[in-house]
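Down below is the structure, laid out as structure tokens.
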Amino acid sequence: MTDIWDRSIVVVKDKKDIKFAPETFLNDCEWESHGQYDSLNFVNPNVKVLSVQFTKVGEKSYSAFPNLEWIIVRQHGFDNINLDECYKRNIGVVTTKPFAQSTADWISQYIEETDRVALIGYGAIGTKVKRTKYTQVIGRHSDFIPDEVNTVVVSVPPENNERLIGDSLFSNFRGKLISVSRASVIDNAALMKNIKNISHAYIDTLDSYFREELLATGKVTYTKHTAFDYNFTYENNTEYFNDLQNIIKGCLNNSPDNVVLARSDRVTF
């Protein structure tokens, strides 16, 4: 029997990481690597799996890959993928979550042993954050913080969490804020209104609304979406490429992990 790897085709776009892939990467599979802005006019139309990092997937990709079954996003978010369009086309979507440890390490550098921490979000990143003698997990869609907490860590996805961290939290909280969530999760106006309550805020993505005013207070450190890069490198990163290869293989076998949008084979009679 022919192995699925022998008859399936994979396209990997964005070369920031792939240029460091070992020689053995996907050596059992027919695959192609393309840059973010490379034309798709000459790629094999029988591609089953497309992996992107930052490239937006739209009509050009769907037209180039009419037999596409899975999209693998090599990051934690999937803002560059239109899930509604994927659902219509029966295309599954997977994220690799490669920066969980490095992002958690970025958060942990700001946590002291004596901090009383509330983790808002306890997914791939939250579970790896440094624990203190007092660390409490809060629901991913909740902004209720116990009175004894003096450090809030935010690592929730943006979906259904717009301005989750707002006035109801800031007005009753005294202490330190650490956030690696998307900018839309934090209400900058509410943060500015209650800035006197904040000892310091370490924010990785900060919306432009009230940004300059917040930075002018001297109480906000804005790292411009670089937390994932904390002590992280693609070069000689065997774990990164092994995990990516296993996820690709899982998609080729229609049984991947970290599924954002599942797919099911449609039967036409």
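How things are named: the first chain in the structure tokens is A, the next is B, and so on; residues count from 1 in each chain; ligands count from 1 in the order shown.
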(request) Just the residues within 10 Å of Tyr110 in chain A, please, counting only C-alpha atoms, with nothing from its chain fewer than 4 positions along; format it as a PyMOL selection string. (result) chain A and resi 105-106+115+130+151+176-178+201-202
Please write the residues from the selection above to a file, keeping N, CA, C and O atoms, as a PDB file, in the first residue's frame.
```
ATOM      1  N   ASP A 105       8.084  32.483  29.308  1.00  0.00           N
ATOM      2  CA  ASP A 105       9.330  32.949  29.935  1.00  0.00           C
ATOM      3  C   ASP A 105       9.380  34.478  29.972  1.00  0.00           C
ATOM      4  O   ASP A 105       9.885  35.075  30.942  1.00  0.00           O
ATOM      5  N   TRP A 106       8.880  35.121  28.911  1.00  0.00           N
ATOM      6  CA  TRP A 106       8.814  36.587  28.880  1.00  0.00           C
ATOM      7  C   TRP A 106       7.938  37.101  30.016  1.00  0.00           C
ATOM      8  O   TRP A 106       8.292  38.055  30.713  1.00  0.00           O
ATOM      9  N   ASP A 115       4.753  37.634  44.550  1.00  0.00           N
ATOM     10  CA  ASP A 115       3.556  38.126  43.867  1.00  0.00           C
ATOM     11  C   ASP A 115       2.371  37.191  44.087  1.00  0.00           C
ATOM     12  O   ASP A 115       2.516  35.969  44.126  1.00  0.00           O
ATOM     13  N   LYS A 130       5.510  30.968  35.265  1.00  0.00           N
ATOM     14  CA  LYS A 130       6.083  30.746  36.602  1.00  0.00           C
ATOM     15  C   LYS A 130       5.002  30.818  37.676  1.00  0.00           C
ATOM     16  O   LYS A 130       4.209  31.755  37.709  1.00  0.00           O
ATOM     17  N   THR A 151      -1.007  40.855  41.022  1.00  0.00           N
ATOM     18  CA  THR A 151      -0.409  40.696  39.694  1.00  0.00           C
ATOM     19  C   THR A 151      -1.394  39.956  38.794  1.00  0.00           C
ATOM     20  O   THR A 151      -1.814  38.840  39.129  1.00  0.00           O
ATOM     21  N   LYS A 176       0.148  45.021  39.437  1.00  0.00           N
ATOM     22  CA  LYS A 176       0.918  44.888  38.189  1.00  0.00           C
ATOM     23  C   LYS A 176       0.100  44.134  37.141  1.00  0.00           C
ATOM     24  O   LYS A 176      -0.546  43.139  37.445  1.00  0.00           O
ATOM     25  N   LEU A 177       0.170  44.612  35.909  1.00  0.00           N
ATOM     26  CA  LEU A 177      -0.512  43.973  34.784  1.00  0.00           C
ATOM     27  C   LEU A 177       0.524  43.460  33.795  1.00  0.00           C
ATOM     28  O   LEU A 177       1.451  44.188  33.429  1.00  0.00           O
ATOM     29  N   ILE A 178       0.369  42.207  33.368  1.00  0.00           N
ATOM     30  CA  ILE A 178       1.242  41.624  32.345  1.00  0.00           C
ATOM     31  C   ILE A 178       0.335  41.014  31.287  1.00  0.00           C
ATOM     32  O   ILE A 178      -0.493  40.152  31.601  1.00  0.00           O
ATOM     33  N   ALA A 201       2.556  48.252  34.036  1.00  0.00           N
ATOM     34  CA  ALA A 201       1.922  47.371  33.055  1.00  0.00           C
ATOM     35  C   ALA A 201       2.940  46.985  31.997  1.00  0.00           C
ATOM     36  O   ALA A 201       3.556  47.861  31.373  1.00  0.00           O
ATOM     37  N   TYR A 202       3.140  45.671  31.820  1.00  0.00           N
ATOM     38  CA  TYR A 202       4.022  45.135  30.776  1.00  0.00           C
ATOM     39  C   TYR A 202       3.112  44.554  29.705  1.00  0.00           C
ATOM     40  O   TYR A 202       2.478  43.509  29.906  1.00  0.00           O
TER      41      TYR A 202
END
```
Run DSSP on the backbone of this structure and report the residues of range 53-156 of chain A it assigns to helix (DSSP H, G or I), as a compact mmCIF listing (two decimals) with N, CA and C atoms, in the first residue's frame.
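To be explicit, this is the file written out as selection_12.txt:
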```txt
# COMPACT_ATOMS: atom_id res chain seq x y z
N GLU A 59 -8.61 34.28 -1.55
CA GLU A 59 -9.12 33.70 -2.78
C GLU A 59 -8.02 33.17 -3.69
N LYS A 60 -6.86 33.86 -3.72
CA LYS A 60 -5.77 33.38 -4.57
C LYS A 60 -5.29 31.99 -4.13
N SER A 61 -5.23 31.79 -2.82
CA SER A 61 -4.80 30.49 -2.31
C SER A 61 -5.84 29.42 -2.61
N TYR A 62 -7.11 29.75 -2.40
CA TYR A 62 -8.16 28.76 -2.65
C TYR A 62 -8.21 28.37 -4.13
N SER A 63 -7.96 29.35 -5.01
CA SER A 63 -7.96 29.07 -6.44
C SER A 63 -6.76 28.22 -6.84
N ALA A 64 -5.61 28.50 -6.21
CA ALA A 64 -4.39 27.75 -6.53
C ALA A 64 -4.43 26.33 -6.00
N LEU A 83 -11.99 31.91 8.89
CA LEU A 83 -12.56 30.61 9.26
C LEU A 83 -13.88 30.33 8.55
N ASP A 84 -14.66 31.38 8.30
CA ASP A 84 -15.95 31.19 7.60
C ASP A 84 -15.72 30.62 6.20
N GLU A 85 -14.72 31.18 5.50
CA GLU A 85 -14.42 30.69 4.15
C GLU A 85 -13.89 29.26 4.20
N CYS A 86 -13.09 28.96 5.21
CA CYS A 86 -12.57 27.59 5.35
C CYS A 86 -13.70 26.61 5.62
N TYR A 87 -14.65 27.03 6.45
CA TYR A 87 -15.79 26.16 6.75
C TYR A 87 -16.59 25.86 5.49
N LYS A 88 -16.81 26.89 4.67
CA LYS A 88 -17.57 26.70 3.42
C LYS A 88 -16.87 25.71 2.50
N ALA A 100 4.90 29.00 22.95
CA ALA A 100 4.29 28.95 24.29
C ALA A 100 5.34 29.13 25.38
N GLN A 101 6.43 28.38 25.28
CA GLN A 101 7.44 28.44 26.35
C GLN A 101 8.17 29.77 26.36
N SER A 102 8.56 30.26 25.18
CA SER A 102 9.30 31.53 25.14
C SER A 102 8.43 32.69 25.61
N THR A 103 7.14 32.68 25.25
CA THR A 103 6.23 33.74 25.69
C THR A 103 6.00 33.65 27.20
N ALA A 104 5.84 32.43 27.70
CA ALA A 104 5.68 32.24 29.14
C ALA A 104 6.92 32.71 29.89
N ASP A 105 8.08 32.48 29.31
CA ASP A 105 9.33 32.95 29.93
C ASP A 105 9.38 34.48 29.97
N TRP A 106 8.88 35.12 28.91
CA TRP A 106 8.81 36.59 28.88
C TRP A 106 7.94 37.10 30.02
N ILE A 107 6.80 36.44 30.21
CA ILE A 107 5.90 36.82 31.31
C ILE A 107 6.58 36.60 32.66
N SER A 108 7.20 35.44 32.81
CA SER A 108 7.76 35.04 34.10
C SER A 108 8.86 35.95 34.60
N GLY A 126 -0.35 30.05 29.42
CA GLY A 126 -0.64 30.19 30.85
C GLY A 126 -0.15 29.03 31.69
N THR A 127 -0.23 27.82 31.14
CA THR A 127 0.19 26.64 31.91
C THR A 127 1.70 26.60 32.14
N LYS A 128 2.45 27.39 31.36
CA LYS A 128 3.91 27.38 31.48
C LYS A 128 4.46 28.58 32.25
```
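Among A:Lys193, A:Leu169, A:Asn44, A:Phe54, the residue with the shortest atom-to-atom distance to Asp17 in chain A, counting only C-alpha atoms, is A:Phe54.
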(message) If you run DSSP on the backbone here, which positions in range 78-252 of chain A get strand (DSSP E)? Please write them as JSON, numbers by chain.
(response) {"A": [92, 93, 94, 95, 116, 117, 118, 119, 120, 134, 135, 136, 137, 138, 151, 152, 153, 154, 175, 176, 177, 178, 179, 198, 199, 200, 201, 202, 203, 220, 221, 222]}
(message) I'd like to know which of A:Leu252, A:Ala216, A:Asp257, A:Leu191 is closest to Trp70 in chain A, using only C-alpha atoms.
(response) A:Leu252
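Using only C-alpha atoms, the contacts of Val52 in chain A at a cut-off of 7 Å, with sequence neighbours closer than 3 positions omitted, comprise Val12, Lys13, Asp14, Thr55, Ile72, Val73 and Arg74 of chain A.
Residues in contact with range 234-240 of chain A at 8 Å, where only C-alpha atoms are counted and same-chain residues fewer than 3 positions away are skipped, are listed as Asp17, Phe20, Ala21, Pro22, Pro98, Asp243 and Leu244 of chain A.
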Could you write out the selected residues, including C-alpha atoms, as a PDB file, in the first residue's frame?
```pdb
ATOM      1  CA  ASP A  17      11.663  29.766  10.045  1.00  0.00           C
ATOM      2  CA  PHE A  20      16.571  26.871   9.211  1.00  0.00           C
ATOM      3  CA  ALA A  21      14.836  23.526   8.658  1.00  0.00           C
ATOM      4  CA  PRO A  22      17.165  20.494   8.889  1.00  0.00           C
ATOM      5  CA  PRO A  98       5.387  27.145  18.840  1.00  0.00           C
ATOM      6  CA  ASP A 243       6.638  19.288  16.193  1.00  0.00           C
ATOM      7  CA  LEU A 244       5.823  20.969  12.868  1.00  0.00           C
TER       8      LEU A 244
END
```
(request) Check the smallest atom-to-atom distance from each of A:Asn231, A:Ser181, A:Asn172, A:Ser33 to Pro158 in chain A using only C-alpha atoms, then report the winner. (result) A:Ser181
Shell of 8 Å around Glu162 in chain A, only C-alpha atoms, local chain residues under 2 positions omitted, as a short mmCIF file (atom, residue, chain, number, x, y, z; two decimals) with N, CA, C and O atoms, in the first residue's frame:
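Written output follows (selection06.cif):
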```
data_model
loop_
_atom_site.label_atom_id
_atom_site.label_comp_id
_atom_site.auth_asym_id
_atom_site.auth_seq_id
_atom_site.Cartn_x
_atom_site.Cartn_y
_atom_site.Cartn_z
N PRO A 158 -8.19 36.59 21.37
CA PRO A 158 -9.04 37.77 21.16
C PRO A 158 -10.50 37.43 20.89
O PRO A 158 -11.37 38.26 21.14
N GLU A 159 -10.77 36.22 20.42
CA GLU A 159 -12.14 35.84 20.08
C GLU A 159 -13.04 35.91 21.31
O GLU A 159 -12.77 35.27 22.33
N ASN A 160 -14.12 36.69 21.21
CA ASN A 160 -15.11 36.86 22.29
C ASN A 160 -14.52 37.50 23.55
O ASN A 160 -15.11 37.39 24.63
N LEU A 164 -12.05 42.81 27.25
CA LEU A 164 -12.33 42.03 28.47
C LEU A 164 -11.70 42.69 29.69
O LEU A 164 -12.30 42.75 30.76
N SER A 184 -6.79 44.15 21.30
CA SER A 184 -8.23 44.36 21.48
C SER A 184 -8.75 43.86 22.82
O SER A 184 -9.85 44.23 23.25
N VAL A 185 -7.99 43.02 23.51
CA VAL A 185 -8.45 42.45 24.79
C VAL A 185 -8.42 43.50 25.90
O VAL A 185 -9.20 43.43 26.85
N ILE A 186 -7.52 44.47 25.81
CA ILE A 186 -7.39 45.49 26.85
C ILE A 186 -8.05 46.79 26.41
O ILE A 186 -7.84 47.28 25.31
#
```
(request) Mind checking which residues fall within 12 Å of Ile247 in chain A, counting only C-alpha atoms, ignoring those fewer than 5 positions away in the same chain, and posting them as an MDAnalysis selection string? (result) chainID A and resid 10 26 49:51 70:74 93:98 240:242 252:259
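Between CA of Ala262 in chain A and CA of Gly123 in chain A the separation is 18.9 Å.
Candidate residues A:Val260, A:Ile248, A:Met192, A:Ala227 were compared for distance to Ile9 in chain A, and the nearest is A:Ile248, using only C-alpha atoms.
Pairwise distance (CA of Thr221 in chain A, CA of Ile203 in chain A) equals 6.1 Å.
Comparing A:Lys249, A:His200, A:Lys16, A:His141 by their smallest distance to Thr233 in chain A, the closest is A:Lys16 (using only C-alpha atoms).
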(request) Record the distance separating CA of Val129 in chain A and CA of Arg182 in chain A, expressed in Å with one decimal. (result) 17.7 Å
(message) Need the shell around Tyr122 in chain A: protein/DNA/RNA residues with any atom at most 8 Å away, counting only C-alpha atoms. Skip same-chain ones fewer than 3 positions apart. Format as number ranges by chain?
(response) A: 119, 125-127, 137-140, 155-156
Kindly save the residues from that selection, with N, CA, C and O atoms included, as a JSON list (two decimals), in the first residue's frame.
```json
[["chain", "number", "residue", "atom", "x", "y", "z"],
["A", 119, "LEU", "N", -4.04, 34.30, 36.85],
["A", 119, "LEU", "CA", -3.83, 33.99, 35.44],
["A", 119, "LEU", "C", -5.17, 34.04, 34.73],
["A", 119, "LEU", "O", -6.03, 33.17, 34.94],
["A", 125, "ILE", "N", 0.14, 28.90, 26.84],
["A", 125, "ILE", "CA", 1.07, 29.84, 27.47],
["A", 125, "ILE", "C", 0.88, 29.86, 28.99],
["A", 125, "ILE", "O", 1.83, 29.71, 29.76],
["A", 126, "GLY", "N", -0.35, 30.05, 29.42],
["A", 126, "GLY", "CA", -0.64, 30.19, 30.85],
["A", 126, "GLY", "C", -0.15, 29.03, 31.69],
["A", 126, "GLY", "O", 0.31, 29.22, 32.82],
["A", 127, "THR", "N", -0.23, 27.82, 31.14],
["A", 127, "THR", "CA", 0.19, 26.64, 31.91],
["A", 127, "THR", "C", 1.70, 26.60, 32.14],
["A", 127, "THR", "O", 2.17, 25.86, 33.01],
["A", 137, "VAL", "N", -6.00, 30.54, 38.92],
["A", 137, "VAL", "CA", -6.43, 30.53, 37.52],
["A", 137, "VAL", "C", -7.85, 31.10, 37.43],
["A", 137, "VAL", "O", -8.75, 30.67, 38.16],
["A", 138, "ILE", "N", -8.02, 32.07, 36.53],
["A", 138, "ILE", "CA", -9.32, 32.71, 36.30],
["A", 138, "ILE", "C", -9.85, 32.25, 34.94],
["A", 138, "ILE", "O", -9.08, 32.03, 34.01],
["A", 139, "GLY", "N", -11.14, 32.12, 34.81],
["A", 139, "GLY", "CA", -11.75, 31.72, 33.54],
["A", 139, "GLY", "C", -11.34, 32.63, 32.41],
["A", 139, "GLY", "O", -11.14, 33.84, 32.61],
["A", 140, "ARG", "N", -11.23, 32.08, 31.21],
["A", 140, "ARG", "CA", -10.69, 32.83, 30.07],
["A", 140, "ARG", "C", -11.59, 33.97, 29.62],
["A", 140, "ARG", "O", -11.15, 34.87, 28.89],
["A", 155, "SER", "N", -3.51, 36.13, 29.07],
["A", 155, "SER", "CA", -3.04, 35.38, 27.89],
["A", 155, "SER", "C", -4.22, 34.70, 27.20],
["A", 155, "SER", "O", -4.12, 33.55, 26.78],
["A", 156, "VAL", "N", -5.34, 35.44, 27.08],
["A", 156, "VAL", "CA", -6.52, 34.88, 26.44],
["A", 156, "VAL", "C", -6.52, 35.21, 24.95],
["A", 156, "VAL", "O", -5.91, 36.19, 24.52]]
```
(message) Calculated over only C-alpha atoms, which of the candidates A:Gln245, A:Asn80, A:Leu40, A:Gly58 has the smallest distance to Phe25 in chain A?
(response) A:Gln245
